[in-house]
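*Asks:* Let me give you the structure first, and then I'll get to my questions.
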Amino acid sequence: MTTVRIDPQGPLAGAVAPPADKSVSHRAALLAGMSTRPVRILNYLDAADTNSTLAAVEALGAEVRRDGEAIVVRGVGLRGTRDPGRPIDVGNAGTLMRLLPGWLAAQEGRSFVLDGDASIRRRPVDRVAVPLAEMGAQIAPTDGRFPPVTVTGVPLHGITYVLPVASAQVKSCVLLAGLLAEGETTVVEPEPSRDHTERMLTLAGVPVRRSGDRVTVGRIDELAFPEQFVVPADPSSAAFWQAAAAIVPGSRIVVEHCGVNRTRTGFIEILRRMGGVVDGELEPALAGDEIASGEPVSDLVTTHAPLRGTIVEAHEVPAAIDELPLVGLLGCFAEGETIVRGAQELRVKESDRVTAVVTALNALGGDAEATPDGFIVRGTGGLRGGRMASGGDHRMAMLGAIAGLASRDGVEIDGMDAAAVSYPGFLHDLARLR
Ligand code: S3P
């Protein structure tokens, strides 16, 4: 575990190209693994989480090779997985742990065990086991709830599943299983969650029907994933730079070529409402590479401005879920109170992020309070600084570093190495903006 000290900084200026989108990369590897013709994935995220997904599709029989800048995956087809002969290790990757059972549950005559690190073993998988079991799947989480989980492939049938909480991971798992199930499968969402799976399935020739809050797919024989796919930059990684520019006086940071799919841009909308200045278009028309990838991108420019507190309501949570800890950080620098509600899902992320963000902000001189479904931060005009621990959570590690840049005395982060889960070049990019 590495401890890193980040000292306060004057204005941050420059341009940064954040790493590739983690959610899109996971899905690109999985869907390429489910196809039969080779897929060239450009700008695949080279980070711990998404390397776990490449290793998983390889263990299932796909061929994965690097070709210059690209990752080329030759998949095994929808029903052609091989028995990996050992447990599949998802590492820290919750998305892989939740999506993969959707594919594996229908691999008749084969059995799989999915396991991961200590954090993964604390994160619930019953949320995917319940709908899959309704589809006829044989899936057995440990103690009915947690990894390791055993999946035995059997024939599935379609269902209509009303998601109890908005979760793109659960939605995606059920839709993937739906491609292999008899009849039609519909997922009903309480709030729109990220729709990368639906966009990619459409690109792969699957008739995905969206009607209001319902998404429907049917059984197919083959996926025709595009021969080339370009992953956009990750808005969740970009958010650290937008937060940094917003709270370090005099800053101006350009985030280049960032994914701005509307189901992911909640943080930018919240920041703008707090008085933040973020110039750039959200969800512009697709052009160039984006037509082939189905994901819109923009250059976004964030400039320092005084912030005021805000209330983030439950309906805003899915589009900002991974950035809500940063909303708490902004709250320390804003005038008045910042309240996040309806975000109980934060408690089952890579760490309990309600507890983690409140503990970290208070350790650094902030005034934060946990609630059952979120937190309240009272703006104090800044942060003193001090020492905090990432708890092995990549997003908490990077939040600590951004807090350090804007603090009075600097911040020491224990476990900064966790950033490699989604953003291995984070400290390098930070050094370039100083
Ligand atoms: C993800 C969806 C979100 C998010 C996670 C990645 C995805 O989780 O927090 O980091 O790639 O589908 P939920 O869908 O469970 O909210």
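Residues are referred to by chain and number: the chain letter is A, B, ... according to the order shown in the structure tokens, the number counts from 1 in that chain, and ligands are numbered separately from 1 in the order shown.
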Near A:Val358, counting only C-alpha atoms, which residues have an atom at most 9 Å away, once you skip same-chain residues fewer than 3 positions from it, shown as a ChimeraX atom specification?

*Replies:* /A:325,328,353-355,361-363,366-370,375-377

*Asks:* Write out as a list in words all residues of stretch 207-314 of chain A that DSSP puts in helix (DSSP H, G or I) for this structure's backbone.

*Replies:*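 Restricting stretch 207-314 of chain A to helix (DSSP H, G or I) produces Pro235, Ser236, Ser237, Ala238, Ala239, Phe240, Trp241, Gln242, Ala243, Ala244, Ala245, Ala246, Ile247, Gly266, Phe267, Ile268, Glu269, Ile270, Leu271, Arg272, Arg273, Asp289, Glu290, Ile291, Ala292, Ser293 and Ala314 of chain A.
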
*Asks:* Would you mind telling me which residue in A:Pro207, A:Gly404, A:Gly392, A:Gly294 lies nearest to A:Leu430 when using only C-alpha atoms?

*Replies:*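 Smallest distance to A:Leu430 is found for A:Gly404.
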
*Asks:* Neighbouring residues of stretch 22-32 of chain A were defined as those with any atom within 6 Å, considering only C-alpha atoms; residues of the same chain fewer than 5 positions away were excluded. Please report them as a CSV table (one decimal) with C-alpha atoms, in the first residue's frame.

*Replies:*
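The resulting result_8.csv:
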```csv
chain,number,residue,atom,x,y,z
A,39,VAL,CA,-13.4,-7.3,-33.0
A,44,TYR,CA,-9.6,-0.2,-24.4
A,50,THR,CA,-11.0,-4.2,-17.3
A,75,GLY,CA,-14.9,-14.6,-29.4
```

*Asks:* Using only C-alpha atoms, which residue out of A:Leu156, A:Met396, A:Val230, A:Val206 lies closest to A:Gly183?

*Replies:*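 Distance minimum relative to A:Gly183 lands on A:Leu156.
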
*Asks:* Which one of A:Thr185, A:Gln169, A:Thr95, A:Ser237 sits closest to A:Tyr423 if you count only C-alpha atoms?

*Replies:*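 Among A:Thr185, A:Gln169, A:Thr95, A:Ser237, it is A:Ser237 that comes nearest to A:Tyr423.
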